[in-house]
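Data block below; observations after.
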Amino acid sequence: MRARWNMASSSNSPCAACKFLRRKCQPECVFAPYFPPDQPQKFANVHKVFGASNVTKLLNELHPHQREDAVNSLAFEADMRLRDPVYGCVGLISVLQHQLRQLQMEISCAKSELSKYQNLGITGHGLIAAAANNYNHQQNLGINLIGGGGGVRDHHHHYHHQFFPRDQQQMIRSFDGGNNYDASLLAMNVSANLQLSQFPQPRAAAGDDRRTIDPS
Amino acid sequence: MISGRCAACKYLRRRCPSDCIFSPYFPPNDPQRFSCVHKIYGASNVGKMLQQLPSHLRSQAADTLYFEAQYRLQDPVYGCVGIISQLHQQINSAESQVAKIQAEISFLNSNAQEVEEPQVDQHIEANSTFINNLLPEQINTLDLSPYGLPSTQTSWFN
């Protein structure tokens, strides 16, 4: 007798979706490439949160080359929602935003501390560049005093002119090559913040107390 | 009674019972909210998810489901996972930035303490042993690799 379960037209075992749905896995099964039979939980989670028909509709609206990423992100969202039925991925976004804000504050503090050295005329940019280039002709390899610095290099002199910077970000940009990291980070934070302002911050990353589900 | 239906029951074209699970969270004046959630999750799944929660948590759950549904409609490939991925990248950059600045401070600090006559062939080493202690422990604890998330993707806000 034919083992129908194992005799899909392609002669491969049915995908996890078709196994779950207890149906024959057709060669053109939309789920098969993305829900291999050795990962049954992946489809079970996605099905529980989104439903098979919604996933089918979503995948059919995408180009084939986008579907794998879409399935993986759906699987992630489903997993997060099952772990945290109240906040799902939003809880994680909130935690990450909080961490990012903490880091931004650390950066601000660090910049502030760095500026103290600059205000004292202790500059490191030229020193590090000198060390990196095996610089051994500069008599002021050590601390440069305010207003002094005879024989300093050009970029070092430019840095010197920013003793009392009004914009510390600008100062750091000139120090590290002038990328626009701060502006883009702030923009990202602000834009995401506006969207999440209605949600209270989760108390903990795990949110264990929220996972308690009243069976009634 | 017809005029008192919630957005969900209006959308589903059914009577809205007094104990409707959707009614408190999908008011009739915001039909787009339920429409959005229904497209991604389906009414049955949303109802089940809300039903399984204590009543005082359902409002937040409905809000976050709506949030995620919106992002999935805007970005059908990545949804709000795109935001998570972006935040991870931003956090990594911020960590590097902090480490870099702290390394510079430490270098200047140690150099300031040891200043004597400048030497021509001075070999300077940056002190970086403190960097590991500065990095936040909780950052990037979530492992995204099992989900095969790519390092670059279309951003929803592009």
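Chain labels follow the order of the structure tokens: the first chain is A, the next B, and so on; residue numbering restarts at 1 in every chain, and ligands are counted from 1 in their shown order.
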
For A:Ala78, please output as number ranges by chain all residues within 8 Å (counting only C-alpha atoms; exclusion window: fewer than 4 positions along the same chain). A: 45-46, 48-50, 74, 82, 88

Separation of atom CA of B:Val81 from atom CA of A:Glu77 in Å: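 Taking atom CA of A:Glu77 as the start and atom CA of B:Val81 as the end point, the length is 7.2 Å.
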